[in-house]
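> Below: one structure in structure tokens.
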Amino acid sequence: MKTKVYLTRRIPDEGIALLKKQNYHLVINPLDKPVPRKILLQEIKNIDGILCMLSDRIDRRVIDTAQRLKVISNYAVGYDNIDVHYASKKGIIITNTPGVLTEATAEVTWALIFAIARRVAEADRFVRQGKFKVWSPTLLLGRLLTGKILGIVGAGRIGQAVAKKASAFGMKIIYYNRRAKTSFEKQTQAKKASLETILKNADFVSIHLPLTEETKHFIGAKELRMMKDTAYLINVARGPIVDESALVSALKTKIIAGAGLDVYEKEPDVHQDLVKLDNVVLLPHLGSATIETRTEMAIIAAENLIAVLQDKKPRFVVKPT
Ligand code: NAP
Ligand code: GLV
Ligand code: GLV
């Protein structure tokens, strides 16, 4: 029987070309939107490999429906959309695309830091609405980045890349991570601190943890209350790490100054109150969204999948923890 591979979304051509070189029966979801669950449950039955998106929920039901699945290649570094424990127990290999998207995601983090501190999105709306009548000494005042304290929560690949760029603004770095990162500390003078110290002292708190059972609602009402009322929260990691309704109320009552978000608790739904607030900048999950990055991700995701189907070791395997 011919090896069958299913792509839940069209990815950049470079990745598809690699898959086409193999002698697979290749099926690509023809819709330019996520594959409906019903179709996913049908397709999964008789495929050997799936290349999927972070928006596809690969849970027990999907895994149990698969009869000969060998590999789940996620087109993302994060893999909270996959039941890794269950799939691994069934002997299915899970792969992801770490590293190639680190700089792109760090750059989006900085885009949000600038946008919220200097009110870029709000000011753009102001100009478009024809409100710019005259220069004013007090118009749309923001906050300086230079000399401020950046708090990194989760100092892995992306958290560290964000911190490294902070020296351009003479910012001090404090970080929270379960393990100390000594070479990072040497490179950036970053200081390891408790979550509480970070929340109480940082002018910008930037989240870079993976979403796990331990990190769900890591930042809730209590944590937001510890932050300075001049501080900003940035989340480019995963929505459920922050309790979104607690964040909405902290933004409304000015418990914190503002937030920059790339991810949401119930993606793609965005809390309706967030949309009404001016002290938050909202992006539609664009962390890795550069042409260069998405192309490299497509190549790696395809190579990971091909390696498993050739009984070779893929470059990036996700193991249950
Ligand atoms: P990473 O290198 O694995 O970094 C994660 C860091 O979090 C590690 O330093 C890890 O510590 C730490 N950590 C994990 N669980 C923790 C816990 N319970 N308490 C304290 N620290 C903990 O991952 P990455 O490549 O930087 O990516 C991070 C996340 O960003 C991904 O999981 C993904 O969800 C998200 N992301 C979002 C976008 C976007 O488009 N917005 C793009 C890419 C990634 P150890 O080193 O001790 O393990
Ligand atoms: C994007 O969010 C990723 O995890 O790659
Ligand atoms: C501002 O535009 C200045 O010249 O100070």
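Labels for the structure tokens follow display order: chains A, B, ..., residues from 1 in each chain, ligands from 1.
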How close does each residue of region 49-155 of chain A get to region 167-171 of chain A, giving the shortest atom pair and distance in Å to one decimal for every residue with an atom at most 8 Å away, counting only C-alpha atoms, sorted by chain and residue number, as CSV?

residue,atom,partner,partner_atom,distance
A:Leu145,CA,A:Phe169,CA,6.5
A:Thr146,CA,A:Phe169,CA,4.7
A:Gly147,CA,A:Met171,CA,4.6
A:Lys148,CA,A:Met171,CA,5.0
A:Ile149,CA,A:Met171,CA,5.6
A:Leu150,CA,A:Met171,CA,6.5
> Produce a file of the selected residues containing N, CA, C and O atoms, as a PDB file, in the first residue's frame.

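Output saved as selection.pdb:
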ATOM      1  N   LEU A 145      11.562  53.333  26.851  1.00  0.00           N
ATOM      2  CA  LEU A 145      12.115  51.990  27.095  1.00  0.00           C
ATOM      3  C   LEU A 145      13.500  52.087  27.724  1.00  0.00           C
ATOM      4  O   LEU A 145      13.887  51.255  28.543  1.00  0.00           O
ATOM      5  N   THR A 146      14.243  53.080  27.277  1.00  0.00           N
ATOM      6  CA  THR A 146      15.638  53.200  27.678  1.00  0.00           C
ATOM      7  C   THR A 146      15.786  53.221  29.201  1.00  0.00           C
ATOM      8  O   THR A 146      15.100  53.990  29.885  1.00  0.00           O
ATOM      9  N   GLY A 147      16.661  52.340  29.677  1.00  0.00           N
ATOM     10  CA  GLY A 147      16.964  52.297  31.108  1.00  0.00           C
ATOM     11  C   GLY A 147      15.953  51.535  31.953  1.00  0.00           C
ATOM     12  O   GLY A 147      16.113  51.415  33.163  1.00  0.00           O
ATOM     13  N   LYS A 148      14.930  50.997  31.322  1.00  0.00           N
ATOM     14  CA  LYS A 148      13.877  50.317  32.087  1.00  0.00           C
ATOM     15  C   LYS A 148      14.244  48.860  32.378  1.00  0.00           C
ATOM     16  O   LYS A 148      15.246  48.343  31.882  1.00  0.00           O
ATOM     17  N   ILE A 149      13.397  48.217  33.172  1.00  0.00           N
ATOM     18  CA  ILE A 149      13.637  46.815  33.542  1.00  0.00           C
ATOM     19  C   ILE A 149      12.734  45.904  32.726  1.00  0.00           C
ATOM     20  O   ILE A 149      11.513  46.073  32.703  1.00  0.00           O
ATOM     21  N   LEU A 150      13.378  44.940  32.063  1.00  0.00           N
ATOM     22  CA  LEU A 150      12.637  43.948  31.280  1.00  0.00           C
ATOM     23  C   LEU A 150      12.612  42.636  32.060  1.00  0.00           C
ATOM     24  O   LEU A 150      13.666  42.107  32.418  1.00  0.00           O
TER      25      LEU A 150
END
> Can you check which residues of region 45-263 of chain A DSSP gives as alpha helix (DSSP H) on the backbone and send them as a PyMOL selection string?
chain A and resi 60-65+84-89+102-117+120-128+157-164+182-188+195-201+221-226+244-252
> What are the closest atom pairs, with distances in Å to one decimal, for all residues of chain A lying within 12 Å of ligand 3? Consider only C-alpha atoms and all ligand atoms, order rows by chain and residue number, and present the result as JSON lines.

{"residue": "A:Trp135", "atom": "CA", "partner": "ligand 3", "partner_atom_place_in_ligand_line": "2 (O)", "distance": 8.7}
{"residue": "A:Ser136", "atom": "CA", "partner": "ligand 3", "partner_atom_place_in_ligand_line": "1 (C)", "distance": 10.1}
{"residue": "A:Pro137", "atom": "CA", "partner": "ligand 3", "partner_atom_place_in_ligand_line": "1 (C)", "distance": 9.5}
> Put those residues in a file: N, CA and C atoms, as a JSON list (two decimals), in the first residue's frame.

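This went into result.json:
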[["chain", "number", "residue", "atom", "x", "y", "z"],
["A", 135, "TRP", "N", 0.40, 69.72, 16.38],
["A", 135, "TRP", "CA", 1.36, 69.10, 17.31],
["A", 135, "TRP", "C", 1.01, 69.55, 18.72],
["A", 136, "SER", "N", 1.13, 68.65, 19.66],
["A", 136, "SER", "CA", 0.77, 69.03, 21.02],
["A", 136, "SER", "C", 1.78, 68.49, 22.03],
["A", 137, "PRO", "N", 2.12, 69.28, 23.03],
["A", 137, "PRO", "CA", 3.13, 68.82, 24.01],
["A", 137, "PRO", "C", 2.63, 67.66, 24.87]]
> Could you list, as number ranges by chain, all protein and nucleic acid residues with an atom at most 6 Å from ligand 1, counting only C-alpha atoms and all ligand atoms?
A: 77-78, 98, 105, 154-159, 177-179, 208-211, 214-215, 236-238, 262, 285-288
> Could you write out that same residue set with N, CA and C atoms as a compact mmCIF listing (two decimals), in the first residue's frame?

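Listing of selection10.txt after writing:
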# COMPACT_ATOMS: atom_id res chain seq x y z
N VAL A 77 6.70 25.41 16.96
CA VAL A 77 7.56 24.91 18.04
C VAL A 77 6.71 24.42 19.21
N GLY A 78 5.63 25.18 19.52
CA GLY A 78 4.73 24.79 20.61
C GLY A 78 3.94 23.56 20.20
N PRO A 98 11.57 23.87 16.25
CA PRO A 98 12.20 24.87 17.12
C PRO A 98 13.36 25.60 16.44
N THR A 105 9.99 35.49 16.32
CA THR A 105 9.08 35.65 17.45
C THR A 105 9.62 36.70 18.44
N GLY A 154 10.28 32.78 31.50
CA GLY A 154 10.56 31.67 30.58
C GLY A 154 11.74 32.03 29.70
N ALA A 155 12.95 31.76 30.20
CA ALA A 155 14.16 32.16 29.46
C ALA A 155 14.69 31.00 28.64
N GLY A 156 13.91 30.54 27.69
CA GLY A 156 14.34 29.52 26.72
C GLY A 156 14.87 30.24 25.49
N ARG A 157 14.72 29.58 24.35
CA ARG A 157 15.25 30.16 23.11
C ARG A 157 14.68 31.55 22.85
N ILE A 158 13.35 31.69 22.87
CA ILE A 158 12.74 32.97 22.50
C ILE A 158 12.95 34.01 23.61
N GLY A 159 12.72 33.62 24.85
CA GLY A 159 12.92 34.56 25.97
C GLY A 159 14.33 35.15 25.95
N ASN A 177 12.88 31.42 35.47
CA ASN A 177 12.92 30.14 34.76
C ASN A 177 13.13 29.05 35.79
N ARG A 178 12.62 27.83 35.50
CA ARG A 178 12.78 26.80 36.53
C ARG A 178 14.25 26.42 36.70
N ARG A 179 15.02 26.46 35.63
CA ARG A 179 16.46 26.20 35.74
C ARG A 179 17.23 27.49 35.47
N HIS A 208 7.32 33.91 27.93
CA HIS A 208 7.88 33.01 26.90
C HIS A 208 7.91 31.56 27.35
N LEU A 209 6.94 31.17 28.18
CA LEU A 209 6.82 29.79 28.65
C LEU A 209 6.05 28.96 27.63
N PRO A 210 6.24 27.65 27.65
CA PRO A 210 5.31 26.81 26.87
C PRO A 210 4.01 26.67 27.67
N LEU A 211 2.93 26.33 27.00
CA LEU A 211 1.68 26.06 27.72
C LEU A 211 1.68 24.59 28.15
N GLU A 214 1.19 23.00 34.18
CA GLU A 214 1.76 23.87 35.22
C GLU A 214 1.66 25.35 34.89
N THR A 215 1.66 25.68 33.61
CA THR A 215 1.73 27.10 33.26
C THR A 215 0.36 27.70 32.87
N VAL A 236 3.47 36.59 23.94
CA VAL A 236 3.56 35.99 22.60
C VAL A 236 3.71 34.47 22.74
N ALA A 237 3.42 33.94 23.93
CA ALA A 237 3.65 32.50 24.14
C ALA A 237 2.37 31.72 23.78
N ARG A 238 1.47 31.57 24.75
CA ARG A 238 0.17 30.95 24.48
C ARG A 238 -0.88 31.64 25.35
N ASP A 262 -0.18 38.59 21.34
CA ASP A 262 -0.17 37.91 20.03
C ASP A 262 -1.03 36.66 20.10
N HIS A 285 -1.76 36.24 16.26
CA HIS A 285 -0.79 35.14 16.36
C HIS A 285 0.20 35.15 15.18
N LEU A 286 1.05 36.17 15.18
CA LEU A 286 1.97 36.39 14.06
C LEU A 286 3.43 36.11 14.39
N GLY A 287 3.69 35.53 15.57
CA GLY A 287 5.07 35.35 16.03
C GLY A 287 6.06 34.92 14.95
N SER A 288 5.76 33.85 14.24
CA SER A 288 6.72 33.33 13.27
C SER A 288 6.40 33.80 11.84
> Could you pull the residues within 12 Å of Ile300 (chain A), counting only C-alpha atoms, minus those fewer than 3 positions along the same chain, as number ranges by chain?
A: 11-12, 14-16, 18-19, 51, 73-77, 95-101, 293-297, 303-307, 314-317
> With N, CA and C atoms kept, could you save the residues just selected as a JSON list (two decimals), in the first residue's frame?

[["chain", "number", "residue", "atom", "x", "y", "z"],
["A", 11, "ILE", "N", 1.19, 24.68, 3.13],
["A", 11, "ILE", "CA", 2.34, 25.36, 3.71],
["A", 11, "ILE", "C", 3.18, 25.92, 2.56],
["A", 12, "PRO", "N", 4.21, 26.75, 2.83],
["A", 12, "PRO", "CA", 5.02, 27.27, 1.73],
["A", 12, "PRO", "C", 5.55, 26.15, 0.80],
["A", 14, "GLU", "N", 8.20, 25.29, -0.69],
["A", 14, "GLU", "CA", 9.47, 24.57, -0.46],
["A", 14, "GLU", "C", 9.24, 23.29, 0.33],
["A", 15, "GLY", "N", 8.31, 23.32, 1.28],
["A", 15, "GLY", "CA", 8.00, 22.13, 2.08],
["A", 15, "GLY", "C", 7.21, 21.13, 1.26],
["A", 16, "ILE", "N", 6.27, 21.62, 0.50],
["A", 16, "ILE", "CA", 5.45, 20.73, -0.33],
["A", 16, "ILE", "C", 6.31, 20.03, -1.39],
["A", 18, "LEU", "N", 9.38, 19.12, -1.18],
["A", 18, "LEU", "CA", 10.11, 17.99, -0.56],
["A", 18, "LEU", "C", 9.21, 16.77, -0.42],
["A", 19, "LEU", "N", 7.97, 17.00, -0.05],
["A", 19, "LEU", "CA", 7.04, 15.88, 0.12],
["A", 19, "LEU", "C", 6.69, 15.25, -1.24],
["A", 51, "LEU", "N", 0.98, 16.26, 8.69],
["A", 51, "LEU", "CA", 1.69, 17.51, 8.95],
["A", 51, "LEU", "C", 0.59, 18.49, 9.35],
["A", 73, "SER", "N", 3.78, 15.63, 12.52],
["A", 73, "SER", "CA", 4.77, 16.70, 12.35],
["A", 73, "SER", "C", 4.05, 18.03, 12.53],
["A", 74, "ASN", "N", 4.34, 18.69, 13.66],
["A", 74, "ASN", "CA", 3.65, 19.96, 13.95],
["A", 74, "ASN", "C", 4.39, 21.11, 13.29],
["A", 75, "TYR", "N", 3.63, 21.97, 12.62],
["A", 75, "TYR", "CA", 4.20, 23.15, 11.94],
["A", 75, "TYR", "C", 4.27, 24.29, 12.96],
["A", 76, "ALA", "N", 5.06, 24.10, 14.01],
["A", 76, "ALA", "CA", 5.16, 25.05, 15.11],
["A", 76, "ALA", "C", 6.22, 24.52, 16.07],
["A", 77, "VAL", "N", 6.70, 25.41, 16.96],
["A", 77, "VAL", "CA", 7.56, 24.91, 18.04],
["A", 77, "VAL", "C", 6.71, 24.42, 19.21],
["A", 95, "THR", "N", 6.94, 15.55, 16.09],
["A", 95, "THR", "CA", 8.08, 16.44, 15.79],
["A", 95, "THR", "C", 7.59, 17.89, 15.75],
["A", 96, "ASN", "N", 8.54, 18.83, 15.90],
["A", 96, "ASN", "CA", 8.20, 20.26, 15.86],
["A", 96, "ASN", "C", 9.30, 21.05, 15.14],
["A", 97, "THR", "N", 9.19, 22.37, 15.16],
["A", 97, "THR", "CA", 10.13, 23.22, 14.38],
["A", 97, "THR", "C", 10.80, 24.28, 15.26],
["A", 98, "PRO", "N", 11.57, 23.87, 16.25],
["A", 98, "PRO", "CA", 12.20, 24.87, 17.12],
["A", 98, "PRO", "C", 13.36, 25.60, 16.44],
["A", 99, "GLY", "N", 13.72, 26.74, 17.02],
["A", 99, "GLY", "CA", 14.94, 27.43, 16.59],
["A", 99, "GLY", "C", 14.75, 28.37, 15.42],
["A", 100, "VAL", "N", 14.24, 27.87, 14.30],
["A", 100, "VAL", "CA", 14.14, 28.72, 13.10],
["A", 100, "VAL", "C", 13.18, 29.89, 13.29],
["A", 101, "LEU", "N", 12.30, 29.77, 14.28],
["A", 101, "LEU", "CA", 11.34, 30.87, 14.47],
["A", 101, "LEU", "C", 11.67, 31.73, 15.68],
["A", 293, "THR", "N", 10.95, 32.78, 7.72],
["A", 293, "THR", "CA", 10.73, 31.83, 8.81],
["A", 293, "THR", "C", 9.74, 30.74, 8.42],
["A", 294, "ARG", "N", 8.63, 31.14, 7.84],
["A", 294, "ARG", "CA", 7.61, 30.15, 7.49],
["A", 294, "ARG", "C", 8.14, 29.18, 6.42],
["A", 295, "THR", "N", 9.02, 29.67, 5.55],
["A", 295, "THR", "CA", 9.63, 28.79, 4.55],
["A", 295, "THR", "C", 10.52, 27.76, 5.24],
["A", 296, "GLU", "N", 11.35, 28.23, 6.16],
["A", 296, "GLU", "CA", 12.23, 27.29, 6.88],
["A", 296, "GLU", "C", 11.43, 26.29, 7.70],
["A", 297, "MET", "N", 10.34, 26.78, 8.31],
["A", 297, "MET", "CA", 9.49, 25.86, 9.08],
["A", 297, "MET", "C", 8.89, 24.78, 8.19],
["A", 303, "GLU", "N", 10.86, 17.70, 6.37],
["A", 303, "GLU", "CA", 12.01, 16.80, 6.60],
["A", 303, "GLU", "C", 11.79, 15.90, 7.82],
["A", 304, "ASN", "N", 11.21, 16.47, 8.88],
["A", 304, "ASN", "CA", 10.91, 15.66, 10.08],
["A", 304, "ASN", "C", 10.00, 14.50, 9.72],
["A", 305, "LEU", "N", 8.95, 14.82, 8.98],
["A", 305, "LEU", "CA", 7.97, 13.80, 8.61],
["A", 305, "LEU", "C", 8.60, 12.71, 7.73],
["A", 306, "ILE", "N", 9.36, 13.17, 6.73],
["A", 306, "ILE", "CA", 9.99, 12.21, 5.80],
["A", 306, "ILE", "C", 10.95, 11.30, 6.57],
["A", 307, "ALA", "N", 11.73, 11.89, 7.48],
["A", 307, "ALA", "CA", 12.71, 11.08, 8.25],
["A", 307, "ALA", "C", 12.01, 9.94, 8.98],
["A", 314, "PRO", "N", 14.39, 11.88, 13.06],
["A", 314, "PRO", "CA", 14.14, 13.26, 12.63],
["A", 314, "PRO", "C", 14.96, 14.25, 13.45],
["A", 315, "ARG", "N", 15.14, 15.45, 12.91],
["A", 315, "ARG", "CA", 15.96, 16.46, 13.63],
["A", 315, "ARG", "C", 15.34, 16.88, 14.95],
["A", 316, "PHE", "N", 14.02, 17.03, 14.97],
["A", 316, "PHE", "CA", 13.39, 17.57, 16.19],
["A", 316, "PHE", "C", 12.24, 16.69, 16.65],
["A", 317, "VAL", "N", 12.48, 15.93, 17.72],
["A", 317, "VAL", "CA", 11.46, 15.05, 18.27],
["A", 317, "VAL", "C", 10.95, 15.63, 19.58]]
> DSSP on the backbone: which residues in region 207-277 of chain A end up as strand (DSSP E)? Give the answer as a PDB file with C-alpha atoms, in the first residue's frame.

ATOM      1  CA  ILE A 207       5.963  35.730  28.757  1.00  0.00           C
ATOM      2  CA  TYR A 232       3.115  46.412  30.604  1.00  0.00           C
ATOM      3  CA  LEU A 233       2.442  42.725  30.058  1.00  0.00           C
ATOM      4  CA  ILE A 234       3.493  41.129  26.772  1.00  0.00           C
ATOM      5  CA  ASN A 235       2.313  37.652  25.769  1.00  0.00           C
ATOM      6  CA  GLY A 258      -1.179  48.089  29.179  1.00  0.00           C
ATOM      7  CA  ALA A 259      -0.616  44.846  27.344  1.00  0.00           C
ATOM      8  CA  GLY A 260       0.647  43.567  24.021  1.00  0.00           C
ATOM      9  CA  LEU A 261      -0.852  40.277  22.909  1.00  0.00           C
TER      10      LEU A 261
END
> At a cut-off of 7 Å, using only C-alpha atoms, what residues contact Ala190 (chain A)? Leave out same-chain residues fewer than 5 positions from it and give the result as a PyMOL selection string.
chain A and resi 173-175+185
> Just the selected residues (N, CA, C and O atoms), exported as a PDB file, in the first residue's frame, please.

ATOM      1  N   ILE A 173      17.896  43.365  32.719  1.00  0.00           N
ATOM      2  CA  ILE A 173      17.080  42.156  32.526  1.00  0.00           C
ATOM      3  C   ILE A 173      17.013  41.324  33.795  1.00  0.00           C
ATOM      4  O   ILE A 173      18.040  41.007  34.404  1.00  0.00           O
ATOM      5  N   ILE A 174      15.809  40.988  34.178  1.00  0.00           N
ATOM      6  CA  ILE A 174      15.616  39.990  35.225  1.00  0.00           C
ATOM      7  C   ILE A 174      14.794  38.868  34.606  1.00  0.00           C
ATOM      8  O   ILE A 174      13.988  39.108  33.712  1.00  0.00           O
ATOM      9  N   TYR A 175      15.060  37.628  35.035  1.00  0.00           N
ATOM     10  CA  TYR A 175      14.318  36.546  34.402  1.00  0.00           C
ATOM     11  C   TYR A 175      13.883  35.497  35.403  1.00  0.00           C
ATOM     12  O   TYR A 175      14.501  35.299  36.449  1.00  0.00           O
ATOM     13  N   GLU A 185      23.119  34.432  31.487  1.00  0.00           N
ATOM     14  CA  GLU A 185      23.408  35.459  32.507  1.00  0.00           C
ATOM     15  C   GLU A 185      24.721  36.171  32.183  1.00  0.00           C
ATOM     16  O   GLU A 185      24.824  37.392  32.283  1.00  0.00           O
TER      17      GLU A 185
END
> Pick out the closest residue to ligand 2 from this set: A:Asn29, A:Gln160, A:Asn23, A:Ser55. Count only C-alpha atoms and all ligand atoms.
A:Ser55
> Just the number, please: distance in Å from CA of Lys200 (chain A) to CA of Glu267 (chain A), one decimal.
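CA of Glu267 (chain A) lies 29.0 Å from CA of Lys200 (chain A).
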